[in-house]
Each structure stands twice: as C-alpha cells, then as structure tokens.
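Text of run_19.txt (compact mmCIF, C-alpha atoms and all ligand atoms) as supplied:
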```
# COMPACT_ATOMS: atom_id res chain seq x y z
CA MET L 243 -30.64 -17.46 -27.31
CA LYS L 244 -29.01 -14.68 -25.27
CA PRO L 245 -30.80 -11.31 -25.38
CA ALA L 246 -28.94 -8.60 -27.33
CA PRO L 247 -26.85 -6.25 -25.14
CA THR L 248 -28.62 -3.03 -24.25
CA THR L 249 -26.54 0.13 -24.52
CA SER L 250 -27.66 3.30 -22.80
CA ALA L 251 -26.42 6.92 -23.09
CA PRO L 252 -23.69 7.77 -20.53
CA ALA L 253 -25.48 7.73 -17.20
CA PHE L 254 -22.27 8.30 -15.27
CA ASP L 255 -19.19 10.45 -15.59
CA TYR L 256 -16.95 7.82 -14.00
CA VAL L 257 -17.28 4.11 -13.36
CA ILE L 258 -14.87 2.84 -10.68
CA VAL L 259 -14.40 -0.92 -10.90
CA GLY L 260 -13.25 -2.24 -7.50
CA GLY L 261 -14.19 -0.84 -4.09
CA GLY L 262 -10.93 -1.46 -2.23
CA LEU L 263 -8.38 1.12 -1.11
CA GLN L 264 -7.84 2.83 -4.47
CA GLY L 265 -11.48 2.78 -5.56
CA CYS L 266 -12.72 4.28 -2.30
CA LEU L 267 -9.99 6.95 -2.15
CA LEU L 268 -10.88 7.92 -5.69
CA ALA L 269 -14.58 8.19 -4.82
CA HIS L 270 -13.71 10.62 -2.00
CA ALA L 271 -11.36 12.68 -4.18
CA LEU L 272 -14.02 12.94 -6.90
CA ALA L 273 -16.70 13.95 -4.41
CA TRP L 274 -14.38 16.71 -3.16
CA HIS L 275 -13.07 18.08 -6.45
CA ARG L 276 -16.03 17.28 -8.73
CA PRO L 277 -19.17 17.21 -6.58
CA GLU L 278 -21.30 17.47 -9.71
CA ALA L 279 -19.87 14.23 -11.22
CA ALA L 280 -22.04 11.12 -11.27
CA VAL L 281 -19.93 8.15 -10.14
CA LEU L 282 -20.73 4.44 -10.15
CA MET L 283 -18.62 2.10 -8.04
CA LEU L 284 -18.82 -1.66 -8.70
CA GLU L 285 -17.42 -4.09 -6.16
CA GLN L 286 -17.61 -7.83 -6.64
CA ALA L 287 -17.42 -8.70 -2.91
CA ALA L 288 -20.43 -8.42 -0.63
CA GLU L 289 -18.97 -5.31 0.98
CA LEU L 290 -16.38 -2.63 0.30
CA CYS L 291 -12.80 -2.43 1.55
CA GLY L 292 -12.02 -5.98 2.66
CA ASN L 293 -10.32 -6.43 6.04
CA HIS L 294 -7.23 -4.20 6.30
CA THR L 295 -5.33 -1.75 8.42
CA TRP L 296 -3.65 0.64 5.98
CA SER L 297 -0.86 2.57 7.65
CA PHE L 298 1.22 5.36 6.19
CA HIS L 299 3.51 8.27 7.03
CA GLU L 300 1.51 11.50 7.25
CA THR L 301 4.10 13.06 4.95
CA ASP L 302 2.95 10.64 2.21
CA VAL L 303 -0.13 12.79 1.67
CA ALA L 304 0.19 16.11 -0.18
CA PRO L 305 -1.38 19.17 1.50
CA GLN L 306 -3.83 19.64 -1.39
CA ALA L 307 -5.39 16.20 -0.70
CA ARG L 308 -5.94 16.88 3.01
CA GLY L 309 -9.48 18.21 2.67
CA TRP L 310 -10.98 14.93 1.52
CA PHE L 311 -8.37 12.59 3.00
CA ASP L 312 -8.16 13.67 6.65
CA PRO L 313 -11.70 12.58 7.66
CA LEU L 314 -10.79 9.02 6.60
CA VAL L 315 -7.94 8.66 9.10
CA ALA L 316 -8.81 6.41 12.05
CA HIS L 317 -5.62 6.67 14.20
CA ARG L 318 -2.68 9.08 14.39
CA TRP L 319 0.63 9.09 16.26
CA PRO L 320 3.33 11.80 16.41
CA GLY L 321 6.14 9.33 15.62
CA TYR L 322 7.13 5.68 15.68
CA ARG L 323 9.97 3.44 16.73
CA VAL L 324 12.16 0.84 15.00
CA ARG L 325 14.24 -1.76 16.87
CA PHE L 326 17.09 -3.80 15.42
CA PRO L 327 19.78 -5.86 17.16
CA ALA L 328 22.19 -2.89 17.05
CA LEU L 329 19.83 0.07 16.74
CA SER L 330 16.78 1.52 18.45
CA ARG L 331 15.44 4.76 17.04
CA ARG L 332 12.40 6.96 17.44
CA VAL L 333 11.47 8.39 14.06
CA ARG L 334 9.78 11.77 14.39
CA ILE L 335 7.55 11.44 11.34
CA PRO L 336 3.83 11.40 12.16
CA TYR L 337 2.32 8.01 11.39
CA ALA L 338 -1.35 7.15 10.82
CA THR L 339 -3.79 4.43 9.86
CA ILE L 340 -6.99 4.07 7.87
CA THR L 341 -9.04 1.01 8.73
CA SER L 342 -11.37 -0.87 6.41
CA ASP L 343 -14.27 -0.12 8.77
CA ARG L 344 -13.66 3.65 8.69
CA LEU L 345 -13.17 3.78 4.92
CA ARG L 346 -16.24 1.62 4.25
CA GLU L 347 -18.46 3.71 6.51
CA ALA L 348 -17.20 7.00 5.03
CA THR L 349 -17.70 5.75 1.47
CA LEU L 350 -21.20 4.43 2.15
CA SER L 351 -22.16 7.71 3.75
CA LEU L 352 -20.79 9.54 0.69
CA ALA L 353 -23.42 7.61 -1.26
CA GLY L 354 -26.02 8.57 1.33
CA GLU L 355 -26.45 4.96 2.34
CA ARG L 356 -25.53 2.91 5.39
CA ALA L 357 -25.60 -0.30 3.33
CA GLY L 358 -26.89 -1.82 0.11
CA SER L 359 -26.89 -0.56 -3.41
CA ALA L 360 -29.61 2.05 -3.89
CA ARG L 361 -28.80 5.32 -5.63
CA ALA L 362 -28.44 8.47 -3.56
CA GLY L 363 -26.51 11.65 -4.23
CA ARG L 364 -23.85 11.54 -6.94
CA LEU L 365 -22.20 8.25 -5.93
CA VAL L 366 -23.90 4.93 -6.59
CA ILE L 367 -22.37 1.81 -5.04
CA ARG L 368 -23.22 -1.67 -6.21
CA THR L 369 -21.69 -4.51 -4.26
CA GLY L 370 -21.79 -8.23 -4.93
CA GLU L 371 -21.47 -7.65 -8.69
CA SER L 372 -18.47 -8.44 -10.79
CA CYS L 373 -18.14 -6.72 -14.12
CA GLU L 374 -16.02 -6.81 -17.20
CA ILE L 375 -14.23 -3.73 -18.55
CA LEU L 376 -14.91 -3.52 -22.28
CA SER L 377 -13.26 -0.23 -23.22
CA PRO L 378 -12.02 3.03 -21.64
CA THR L 379 -15.67 4.14 -21.47
CA THR L 380 -17.75 0.94 -21.19
CA VAL L 381 -18.26 -1.87 -18.70
CA ARG L 382 -20.49 -4.91 -18.88
CA LEU L 383 -22.44 -5.93 -15.83
CA GLY L 384 -23.85 -9.45 -15.84
CA GLU L 385 -24.61 -10.81 -19.30
CA THR L 386 -26.57 -8.02 -20.87
CA ALA L 387 -26.20 -4.63 -19.25
CA GLU L 388 -23.57 -2.35 -20.76
CA ILE L 389 -22.88 0.87 -18.94
CA SER L 390 -21.12 3.73 -20.64
CA CYS L 391 -19.45 6.72 -19.03
CA LEU L 392 -16.77 9.32 -19.71
CA ALA L 393 -14.00 7.30 -18.01
CA VAL L 394 -13.76 3.79 -16.56
CA ILE L 395 -11.14 3.50 -13.83
CA ASP L 396 -9.85 0.00 -13.12
CA CYS L 397 -9.23 -0.37 -9.37
CA ARG L 398 -9.45 -4.17 -9.23
CA GLY L 399 -6.22 -4.59 -7.27
CA ARG L 400 -4.02 -7.61 -7.73
CA ALA L 401 -6.72 -9.39 -9.75
CA ALA L 402 -5.97 -7.00 -12.62
CA ALA L 403 -2.28 -6.31 -12.07
CA ALA L 404 0.15 -7.01 -14.90
CA GLY L 405 2.10 -10.22 -14.37
CA LEU L 406 5.44 -10.46 -12.63
CA PRO L 407 7.82 -11.71 -15.30
CA GLY L 408 11.28 -12.09 -13.88
CA GLY L 409 10.11 -12.61 -10.37
CA ALA L 410 9.34 -11.13 -7.04
CA GLY L 411 9.93 -11.66 -3.38
CA TYR L 412 7.02 -11.54 -0.98
CA GLN L 413 5.97 -9.64 2.11
CA THR L 414 3.57 -11.76 4.12
CA PHE L 415 1.58 -10.59 7.13
CA ILE L 416 -0.39 -12.21 9.92
CA GLY L 417 -1.98 -9.66 12.22
CA HIS L 418 -3.86 -10.17 15.51
CA GLU L 419 -5.81 -7.35 17.13
CA TYR L 420 -6.29 -7.62 20.90
CA ALA L 421 -8.31 -5.99 23.62
CA THR L 422 -6.06 -5.93 26.67
CA ALA L 423 -7.14 -5.94 30.30
CA ARG L 424 -4.36 -3.51 31.22
CA ARG L 425 -3.16 -0.34 29.53
CA TRP L 426 -0.78 -1.18 26.66
CA PRO L 427 2.67 0.15 27.69
CA ALA L 428 3.59 1.83 24.38
CA SER L 429 1.64 4.77 23.04
CA GLU L 430 3.37 4.87 19.64
CA PRO L 431 3.79 2.20 16.95
CA THR L 432 6.87 0.05 16.57
CA VAL L 433 7.04 -0.35 12.83
CA MET L 434 9.87 -2.92 12.91
CA ASP L 435 10.84 -4.91 15.99
CA VAL L 436 13.62 -7.13 14.65
CA ARG L 437 14.82 -9.85 16.99
CA ALA L 438 18.33 -11.30 16.76
CA ASP L 439 17.49 -14.62 15.09
CA GLN L 440 17.03 -13.86 11.38
CA ALA L 441 18.15 -17.20 9.97
CA ALA L 442 14.85 -17.73 8.11
CA GLY L 443 15.05 -14.40 6.28
CA PHE L 444 13.93 -10.96 7.36
CA GLU L 445 11.06 -11.12 9.86
CA PHE L 446 9.76 -8.73 12.46
CA LEU L 447 6.84 -7.78 14.64
CA TYR L 448 4.81 -4.67 13.84
CA GLU L 449 3.02 -3.12 16.80
CA LEU L 450 0.20 -0.61 16.45
CA PRO L 451 -1.40 0.66 19.67
CA LEU L 452 -4.92 1.49 18.48
CA GLY L 453 -6.07 2.74 21.88
CA PRO L 454 -5.08 2.48 25.54
CA ASP L 455 -6.32 -1.13 25.66
CA ARG L 456 -6.22 -2.07 21.96
CA VAL L 457 -3.23 -3.27 20.00
CA LEU L 458 -2.57 -4.78 16.59
CA LEU L 459 0.45 -7.12 16.56
CA GLU L 460 1.44 -8.13 13.07
CA TYR L 461 4.07 -10.69 12.17
CA THR L 462 5.75 -9.69 8.89
CA ARG L 463 8.17 -11.71 6.82
CA PHE L 464 10.14 -10.87 3.67
CA HIS L 465 10.49 -14.20 2.00
CA ASP L 466 11.23 -15.84 -1.35
CA GLU L 467 7.91 -17.69 -1.26
CA PRO L 468 4.38 -16.33 -0.77
CA ASP L 469 3.58 -18.67 2.13
CA CYS L 470 2.70 -17.39 5.60
CA ASP L 471 3.97 -19.11 8.74
CA PRO L 472 1.14 -19.08 11.32
CA SER L 473 3.08 -20.98 14.00
CA ARG L 474 6.03 -18.57 13.82
CA ALA L 475 3.59 -15.63 13.92
CA ALA L 476 1.79 -17.06 16.94
CA ALA L 477 5.09 -17.63 18.75
CA LEU L 478 6.39 -14.08 18.23
CA ILE L 479 3.04 -12.49 19.04
CA SER L 480 2.59 -14.45 22.27
CA THR L 481 6.18 -13.68 23.32
CA ARG L 482 5.41 -9.97 22.96
CA LEU L 483 2.13 -10.27 24.87
CA ALA L 484 3.91 -12.14 27.67
CA GLU L 485 6.71 -9.52 27.79
CA VAL L 486 4.22 -6.79 28.62
CA GLY L 487 2.12 -8.97 30.97
CA ALA L 488 -0.83 -9.11 28.55
CA GLY L 489 -0.93 -12.87 28.09
CA SER L 490 -4.69 -12.97 28.75
CA ALA L 491 -5.57 -10.37 26.10
CA ALA L 492 -8.69 -11.15 24.06
CA LEU L 493 -8.22 -11.66 20.33
CA ILE L 494 -10.84 -9.56 18.51
CA ARG L 495 -9.77 -9.57 14.86
CA THR L 496 -7.21 -11.16 12.56
CA GLU L 497 -5.89 -10.16 9.15
CA GLN L 498 -3.59 -11.97 6.83
CA GLY L 499 -2.14 -11.29 3.44
CA CYS L 500 0.71 -11.47 1.02
CA LEU L 501 2.13 -8.74 -1.18
CA PRO L 502 4.50 -9.43 -4.06
CA MET L 503 7.61 -7.24 -4.03
CA PRO L 504 8.59 -7.30 -7.71
CA TYR L 505 12.19 -6.95 -8.74
CA ALA L 506 11.94 -7.30 -12.52
CA ALA L 507 11.44 -4.29 -14.75
CA GLU L 508 7.84 -3.08 -14.63
CA PRO L 509 5.71 -4.78 -17.31
CA ARG L 510 3.76 -2.58 -19.70
CA ARG L 511 0.08 -2.79 -18.82
CA GLU L 512 -2.23 -3.90 -21.62
CA GLY L 513 -5.62 -3.38 -19.90
CA PRO L 514 -8.58 -1.82 -21.72
CA SER L 515 -8.91 1.20 -19.39
CA LEU L 516 -7.01 3.51 -17.11
CA ALA L 517 -5.90 1.68 -13.96
CA GLY L 518 -5.03 2.87 -10.46
CA GLY L 519 -3.90 1.17 -7.26
CA TYR L 520 -2.26 -2.21 -7.52
CA ALA L 521 -3.85 -2.85 -10.93
CA GLY L 522 -2.03 0.12 -12.46
CA GLY L 523 1.28 -0.06 -10.63
CA TRP L 524 0.34 2.80 -8.25
CA TYR L 525 1.98 1.26 -5.18
CA HIS L 526 5.43 1.51 -3.62
CA ALA L 527 7.21 -1.65 -4.78
CA ALA L 528 9.93 -1.46 -2.12
CA THR L 529 7.85 -0.80 1.00
CA GLY L 530 4.61 -2.56 0.10
CA TYR L 531 2.69 0.57 1.16
CA SER L 532 -0.02 1.56 -1.32
CA MET L 533 -1.25 4.72 0.35
CA PRO L 534 1.14 7.36 -1.04
CA LEU L 535 0.65 6.47 -4.67
CA ALA L 536 -3.03 5.61 -4.33
CA VAL L 537 -3.69 9.09 -2.90
CA ARG L 538 -1.59 10.66 -5.66
CA PHE L 539 -3.52 8.76 -8.33
CA ALA L 540 -6.88 9.76 -6.79
CA GLU L 541 -5.85 13.44 -6.79
CA LEU L 542 -4.63 13.27 -10.38
CA VAL L 543 -7.82 11.71 -11.69
CA ALA L 544 -10.15 13.94 -9.70
CA ARG L 545 -8.40 17.16 -10.72
CA ALA L 546 -8.08 16.32 -14.43
CA ARG L 547 -10.84 16.87 -16.97
CA PRO L 548 -12.39 13.45 -17.79
CA ASP L 549 -11.12 13.59 -21.39
CA GLN L 550 -7.61 14.47 -20.17
CA VAL L 551 -7.34 11.92 -17.35
CA ALA L 552 -5.42 9.28 -19.30
CA VAL L 553 -2.87 11.79 -20.60
CA GLU L 554 -2.21 13.32 -17.18
CA VAL L 555 -1.92 9.95 -15.45
CA ALA L 556 0.53 8.70 -18.09
CA ALA L 557 2.62 11.88 -17.68
CA ALA L 558 2.75 11.45 -13.91
CA ALA L 559 3.71 7.78 -14.24
CA ALA L 560 6.48 8.71 -16.67
CA GLU L 561 7.75 11.37 -14.25
CA ASP L 562 7.93 8.66 -11.57
CA ARG L 563 9.62 6.12 -13.82
CA LEU L 564 13.09 6.26 -12.32
CA ARG L 565 11.74 6.01 -8.79
CA ARG L 566 9.68 2.95 -9.72
CA GLY L 567 12.76 1.38 -11.24
CA PHE L 568 14.85 2.15 -8.19
CA SER L 569 12.23 0.63 -5.85
CA ARG L 570 12.35 -2.58 -7.88
CA PHE L 571 16.11 -2.50 -7.81
CA LEU L 572 15.99 -2.36 -4.00
CA ASN L 573 13.80 -5.48 -4.05
CA ARG L 574 16.37 -7.17 -6.24
CA LEU L 575 19.07 -6.18 -3.79
CA LEU L 576 17.03 -7.64 -0.97
CA PHE L 577 15.85 -10.87 -2.56
CA CYS L 578 18.55 -11.73 -5.11
CA LEU L 579 21.81 -10.13 -4.09
CA VAL L 580 21.85 -10.47 -0.31
CA ARG L 581 21.69 -13.73 1.62
CA PRO L 582 18.36 -14.17 3.47
CA GLU L 583 20.00 -14.05 6.91
CA ASN L 584 21.54 -10.65 6.05
CA ARG L 585 18.40 -8.94 4.72
CA TRP L 586 17.64 -7.23 8.00
CA LYS L 587 20.98 -5.38 7.83
CA ILE L 588 19.76 -3.36 4.85
CA PHE L 589 16.88 -2.03 6.92
CA GLN L 590 19.03 -1.41 9.99
CA ARG L 591 21.43 0.60 7.86
CA PHE L 592 18.54 2.51 6.25
CA TYR L 593 17.35 3.67 9.67
CA ARG L 594 20.89 4.23 10.96
CA VAL L 595 22.12 6.54 8.22
CA LEU L 596 19.05 8.37 6.93
CA PRO L 597 17.71 11.57 8.49
CA GLU L 598 13.94 11.95 8.79
CA ALA L 599 13.56 14.16 5.71
CA ARG L 600 15.07 11.45 3.50
CA ILE L 601 13.03 8.69 5.16
CA SER L 602 9.80 10.56 4.58
CA ARG L 603 10.63 11.28 0.93
CA PHE L 604 11.48 7.62 0.43
CA TYR L 605 8.20 6.33 1.89
CA ALA L 606 6.22 9.01 0.02
CA HIS L 607 7.83 7.86 -3.27
CA ARG L 608 9.15 11.37 -3.79
CA PHE L 609 12.82 10.59 -3.21
CA THR L 610 15.54 12.42 -5.07
CA PHE L 611 18.62 11.12 -6.82
CA THR L 612 20.74 11.97 -3.77
CA ASP L 613 18.27 10.20 -1.46
CA ALA L 614 18.60 7.09 -3.65
CA ALA L 615 22.38 7.34 -3.63
CA ARG L 616 22.41 7.72 0.17
CA ILE L 617 20.31 4.57 0.51
CA ILE L 618 22.64 2.35 -1.48
CA ILE L 619 26.10 3.86 -1.22
CA GLY L 620 28.10 2.57 1.71
CA ARG L 621 29.71 -0.59 2.92
CA PRO L 622 27.91 -3.44 1.07
CA PRO L 623 26.10 -6.05 3.17
CA ALA L 624 28.14 -9.20 3.77
CA GLY L 625 28.32 -11.48 0.76
CA LEU L 626 27.35 -8.87 -1.84
CA ALA L 627 29.77 -8.75 -4.76
CA PRO L 628 30.06 -5.17 -6.12
CA ILE L 629 30.08 -6.35 -9.75
CA ARG L 630 26.74 -8.17 -9.39
CA PHE L 631 25.33 -5.15 -7.64
CA ALA L 632 26.42 -2.78 -10.45
CA ARG L 633 25.12 -5.07 -13.23
CA SER L 634 21.79 -5.40 -11.51
CA PHE L 635 21.46 -1.64 -11.10
CA ILE L 636 22.20 -0.87 -14.76
CA SER L 637 19.45 -3.21 -16.03
CA LEU L 638 16.67 -1.12 -14.45
CA PRO L 639 14.27 0.68 -14.75
CA GLY L 640 11.78 -0.67 -17.26
CA PRO L 641 8.65 0.79 -18.84
CA VAL L 642 5.84 2.43 -16.91
CA PRO L 643 2.18 1.43 -17.26
CA THR L 644 0.27 3.06 -20.09
C1 LIG N 701 -1.94 -7.83 5.06
C2 LIG N 701 -1.62 -6.57 4.28
C3 LIG N 701 -1.23 -5.41 4.95
C4 LIG N 701 -0.97 -4.24 4.23
N1 LIG N 701 -0.64 -3.10 4.91
C5 LIG N 701 -0.54 -1.94 4.23
C6 LIG N 701 -0.31 -0.74 4.93
O1 LIG N 701 -0.16 -0.72 6.14
N2 LIG N 701 -0.25 0.42 4.22
C7 LIG N 701 -0.41 0.44 2.86
O2 LIG N 701 -0.37 1.53 2.28
N3 LIG N 701 -0.61 -0.70 2.17
C8 LIG N 701 -0.68 -1.88 2.83
N4 LIG N 701 -0.88 -3.04 2.15
C9 LIG N 701 -0.98 -2.98 0.70
C10 LIG N 701 -2.40 -2.61 0.32
O3 LIG N 701 -3.36 -3.22 1.13
C11 LIG N 701 -2.76 -3.00 -1.04
O4 LIG N 701 -1.70 -2.84 -1.90
C12 LIG N 701 -4.01 -2.16 -1.45
O5 LIG N 701 -5.16 -2.66 -0.85
C13 LIG N 701 -4.14 -2.04 -2.92
O6 LIG N 701 -5.29 -1.25 -3.17
P1 LIG N 701 -6.19 -1.56 -4.44
O7 LIG N 701 -7.39 -0.70 -4.33
O8 LIG N 701 -5.36 -1.50 -5.65
O9 LIG N 701 -6.61 -3.09 -4.27
P2 LIG N 701 -7.61 -3.72 -3.21
O10 LIG N 701 -7.64 -2.92 -1.97
O11 LIG N 701 -7.27 -5.17 -3.13
O12 LIG N 701 -9.03 -3.55 -3.92
C14 LIG N 701 -9.39 -4.21 -5.13
C15 LIG N 701 -10.90 -4.42 -5.09
O13 LIG N 701 -11.38 -4.76 -6.40
C16 LIG N 701 -12.37 -5.77 -6.27
N5 LIG N 701 -12.48 -6.47 -7.57
C17 LIG N 701 -11.57 -7.30 -8.16
N6 LIG N 701 -12.04 -7.71 -9.36
C18 LIG N 701 -13.26 -7.11 -9.55
C19 LIG N 701 -14.24 -7.13 -10.60
N7 LIG N 701 -14.07 -7.84 -11.73
N8 LIG N 701 -15.38 -6.42 -10.46
C20 LIG N 701 -15.59 -5.67 -9.32
N9 LIG N 701 -14.68 -5.63 -8.28
C21 LIG N 701 -13.54 -6.32 -8.40
C22 LIG N 701 -11.84 -6.64 -5.13
O14 LIG N 701 -12.87 -7.41 -4.55
C23 LIG N 701 -11.29 -5.58 -4.17
O15 LIG N 701 -12.26 -5.12 -3.25
C24 LIG N 701 -1.09 -4.23 2.83
C25 LIG N 701 -1.44 -5.41 2.16
C26 LIG N 701 -1.69 -6.57 2.86
C27 LIG N 701 -2.06 -7.81 2.10
```
Let me see whether you can do it: turn the structure in this file into structure tokens.
Amino acid sequence: MKPAPTTSAPAFDYVIVGGGLQGCLLAHALAWHRPEAAVLMLEQAAELCGNHTWSFHETDVAPQARGWFDPLVAHRWPGYRVRFPALSRRVRIPYATITSDRLREATLSLAGERAGSARAGRLVIRTGESCEILSPTTVRLGETAEISCLAVIDCRGRAAAAGLPGGAGYQTFIGHEYATARRWPASEPTVMDVRADQAAGFEFLYELPLGPDRVLLEYTRFHDEPDCDPSRAAALISTRLAEVGAGSAALIRTEQGCLPMPYAAEPRREGPSLAGGYAGGWYHAATGYSMPLAVRFAELVARARPDQVAVEVAAAAAEDRLRRGFSRFLNRLLFCLVRPENRWKIFQRFYRVLPEARISRFYAHRFTFTDAARIIIGRPPAGLAPIRFARSFISLPGPVPT
C-alpha cells in the first residue's frame, strides 16, 4: 500500500518548475525584486540550463530589468551584420548572448551553492527530480511529498507547451563552437549569411565571434519538417572555416535543436498553474527568440504581489494578443503562402526596408501597428496571390494563454 501523501504548510513563496531559460531568469528577477521570498526551483535534468547559446538584441530588455539581467550576459557586440544575395547590411543594434554555463553558474551562486541541492539563502535548487503540478499552489515531488506555496510557476518549456493544432514550420539549428589557431577575422556577429542556393528552403549560417580565437558557427534552416541536416550543416560550416583560413580549428562544443514556428491561432492553455517561457507562450513565434518575452514575464511575476501574479500576467498577455497573432501570421506567410525557394526574400526585404528602430521593436515584441504594416506592405514575394494573403491575415489572431 502506498503511504498517504504528506502535506506541509507553505514552506516557499514560489515554486519554479523547470530550470531552463525562463526558470533561471525568474529566479534572478525574484532575488532582485523580492529578496525576502523563499523560492524552490525543481529541475528534472541532472543540471540546470541545458546546452544553449541564447542571443538577443540588447533593446529586447527593458531598462528596469537591467539590474538583475546584466550580470548574466556573457558576450556583447555593438552591432551585427546580415548578408543576402542582394544585400549586405550592418545593423547598429547592440547584440548579446547568455550562455548556459554563465546562467547556470549565476543561478547556483544565487542559491549559495556551486553544485548540488542543499538549501542556502532564499533560493533552493533541486536537480534530477521531476515533479507534477497539482494546482496553482501545490506540486508533488516523487510519490508522496506535496509541497505547497503561494504560487507555482510552470517553466517546463516545450514539454508543457500547448499543442500546435493547425500546424507549424520549424527552425532547426546545428551549431559548432571552435577554438581557432588564428584570430577570427570578424569581430561582430553575422546573424544571417544567406548564400545564393536556397532551393531547399530558407537556410543560412549564423556566426558568433565569442572571442578573438573563438567562434560559434550555426547552420539554421526554416523547414516544413523538424529534421536537421547534419551533412548540409557540416558542408556550410567547413566552407566558412576554409574561407577564412581556419580549416584546422578545433571543435570544442556542439549544440543542436529544433523550434516549432507555429502559424495556427494560439491555443488556449489548460495547465493547472501559471506558465512562463515556452510552456506559457512567452516566446516570439516569428523569430524563435525567447529572451524578450522570457525577461518580460520574469519582471511581471517578480514585481507583482504573489496573489496578483496570475491577474497581471493575463493582462499583459492580453495586451500582447495582436502582436502574438501577427507573429503567427508571419509564420503562415513564410511556411504556407510563399514557395520554399522564395522564403529568404521575405527576410532580405525585412532588412532592406526597415530602419533600426523598427527592427528592434519587432525583435523585442513591442512592434506597433505601423511597424507591422511596414513589414508586410509592399510588392508580394513571387507566387503569392493577394487574395490568399488577405484571407490568411483576417483569420488571426486567436486566444492568448490563460
Ligand atoms: C538550438 C536552439 C537555439 C536557440 N537560440 C536562441 C537564441 O539565440 N535566443 C533566444 O532567445 N532563444 C533561442 N532559442 C529558443 C530558446 O532556447 C527556447 O525557446 C528557451 O530555452 C525556452 O525557455 P524555457 O525556459 O521555456 O524552456 P527550456 O529552456 O527548455 O527549459 C525547460 C526546463 O524544464 C525542465 N523540465 C521539463 N519538465 C519538467 C518537470 N516535469 N519537472 C522539472 N523540470 C522539468 C527541462 O528539463 C528544462 O530544463 C533557441 C532554441 C534552440 C533549440
């Protein structure tokens, strides 16, 4: 016979379920705005943060979040470049990256620990333990232990995301980080290096110089299927290494992943608790970047009173509803309305016509109605029938998560 569940009085103010990007950002925001709050973070993997390089535009982050956010940044650049067959542009928006290593270390030191799961300070981290969310204020750990708190925040990422009825395209990545014998020739990132042959759909190389002799080269593909293409990635990456005379560079790390880019209306979330990050729809559907909305969610939760958190998060999601719908519409444009070999033209046009202020508002998910109009109004990409385009636009946006 199973022992009866044991229920204890709230030992924590917040329980964060999931120690990835959103969970860790939230822990830092809470430590900054509510240093008195007792926080428990539960992560099912052996360690926090996975294996990622999370890049973002510096303008994604609101000034009021800078105090807790800035120490997490591992690399910064004053601008970046994009290259297309008929366009090369330097974008003067500061760009930056948080690495899994930096975020893990900063979060562990917030808990007063270098590793493990012992309690110290106001943050307790338990890794290697999966849990079930029972209600907005209760989680179950293992078979018997129920933990109650003032607010459970679901940060379980894609594992807990609402389904994708109606479909999605996919952004797949294969990244190789190298130590180079010679100085890497570029000091700023190239966020899209789009070569002429785009017959297989939109693909490009992403180049992040992490130091004078360190570079991350990431093959990215926007595709109808979630499969990666390691041989294509290896070919493009080695071509780039050979171009700069770095053919003998030592591979020191790899990362790989796939992000759905949904184009159906956003499903209403039915989960038992408040959810942030990918689980709660707090990501930019059209760019695949999570950082802007994950930081916004962390700020919202940490500034709100625990009993008001759900109300304030729902209000912010509702305020963002049209932008979320528009982002999904752009994915529909890309994956359903434009032929795969023409997808790259949408991005070339984006960087050709938009000034930096509009680009930064778009990436930050703070774009205005006129920004949205500027993105889509113009000569349609080859093969796009205006009537299909208009019908598709009218059917969005859908509901926001509750
Ligand atoms: C290859 C790749 C490159 C990307 N690059 C960028 C980028 O440059 N910039 C950017 O902003 N975004 C980027 N993204 C998107 C971004 O990484 C994700 O969208 C982001 O990690 C989502 O954050 P999250 O906290 O919601 O989920 P995750 O970071 O996936 O974290 C979820 C965590 O919850 C844990 N978990 C799940 N279930 C349970 C459970 N039952 N109990 C306890 N723990 C649980 C998981 O183990 C995981 O650690 C990239 C994605 C990929 C795949």
Residue contacts of Glu460 (chain L) (6 Å, all atoms listed in the file) excluding same-chain residues fewer than 6 positions away, as a PyMOL selection string:
chain L and resi 416-417+447-448
Selected residue of minimal separation from ligand LIG 701 (chain N) among L:Glu485, L:Glu385, L:Asp435, L:Glu497, counting only C-alpha atoms and all ligand atoms
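Closest residue, counting only C-alpha atoms and all ligand atoms: L:Glu497.
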Which residues of chain L come within 7 Å of ligand LIG 701 (chain N), and for each one, what is the closest pair of atoms and their distance in Å to one decimal, counting only C-alpha atoms and all ligand atoms, sorted by chain and residue number, as a tab-separated table?
```
residue	atom	partner	partner_atom	distance
L:Val259	CA	N:LIG701	C20	5.1
L:Gly260	CA	N:LIG701	O13	3.3
L:Gly261	CA	N:LIG701	O15	4.8
L:Gly262	CA	N:LIG701	O12	3.3
L:Leu263	CA	N:LIG701	O7	3.8
L:Gln264	CA	N:LIG701	O7	3.6
L:Gly265	CA	N:LIG701	O7	5.5
L:Leu284	CA	N:LIG701	C20	5.2
L:Glu285	CA	N:LIG701	N9	3.8
L:Gln286	CA	N:LIG701	C20	4.0
L:Ala287	CA	N:LIG701	O14	5.0
L:Leu290	CA	N:LIG701	O15	6.0
L:Cys291	CA	N:LIG701	O15	5.5
L:Gly292	CA	N:LIG701	O15	6.0
L:His294	CA	N:LIG701	C3	6.3
L:Thr295	CA	N:LIG701	O1	5.7
L:Trp296	CA	N:LIG701	O1	3.7
L:Ser297	CA	N:LIG701	O1	3.7
L:Phe298	CA	N:LIG701	N2	5.5
L:Glu371	CA	N:LIG701	C20	6.2
L:Ser372	CA	N:LIG701	N8	3.7
L:Cys373	CA	N:LIG701	N8	4.6
L:Glu374	CA	N:LIG701	N7	5.9
L:Cys397	CA	N:LIG701	O7	5.4
L:Arg398	CA	N:LIG701	O13	3.5
L:Gly399	CA	N:LIG701	O9	3.4
L:Arg400	CA	N:LIG701	O11	6.1
L:Ala401	CA	N:LIG701	C17	5.5
L:Ala402	CA	N:LIG701	N6	6.9
L:Thr414	CA	N:LIG701	C1	6.8
L:Phe415	CA	N:LIG701	C1	4.9
L:Ile416	CA	N:LIG701	C1	6.7
L:Glu497	CA	N:LIG701	C1	6.1
L:Gln498	CA	N:LIG701	C1	4.8
L:Gly499	CA	N:LIG701	C27	3.7
L:Cys500	CA	N:LIG701	C27	4.7
L:Leu501	CA	N:LIG701	C27	5.4
L:Gly518	CA	N:LIG701	O8	6.5
L:Gly519	CA	N:LIG701	O8	3.4
L:Tyr520	CA	N:LIG701	O8	3.7
L:Ala521	CA	N:LIG701	O8	5.7
L:Tyr525	CA	N:LIG701	O4	6.4
L:Gly530	CA	N:LIG701	C9	5.6
L:Tyr531	CA	N:LIG701	O2	3.4
L:Ser532	CA	N:LIG701	O2	3.6
L:Met533	CA	N:LIG701	O2	3.8
L:Pro534	CA	N:LIG701	O2	6.9
```
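Interatomic distance, CA of Arg565 (chain L) against CA of His526 (chain L): 9.3 Å.
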Neighbour list for Ile258 (chain L) as number ranges by chain, cut-off 8 Å, only C-alpha atoms, skip fewer than 4 positions in-chain:
L: 265, 269, 281-284, 394-397
Considering all atoms listed in the file, can you say which of L:Val333, L:Leu459, L:Ala488, L:Val433 comes closest to Ala476 (chain L)?
L:Leu459
Which of these residues is nearest to Leu450 (chain L), using only C-alpha atoms: L:Val381, L:Ala546, L:Ala338, L:Ala438?
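Smallest distance to Leu450 (chain L) is found for L:Ala338.
CA of Phe311 (chain L) sits 10.8 Å away from CA of Cys266 (chain L).
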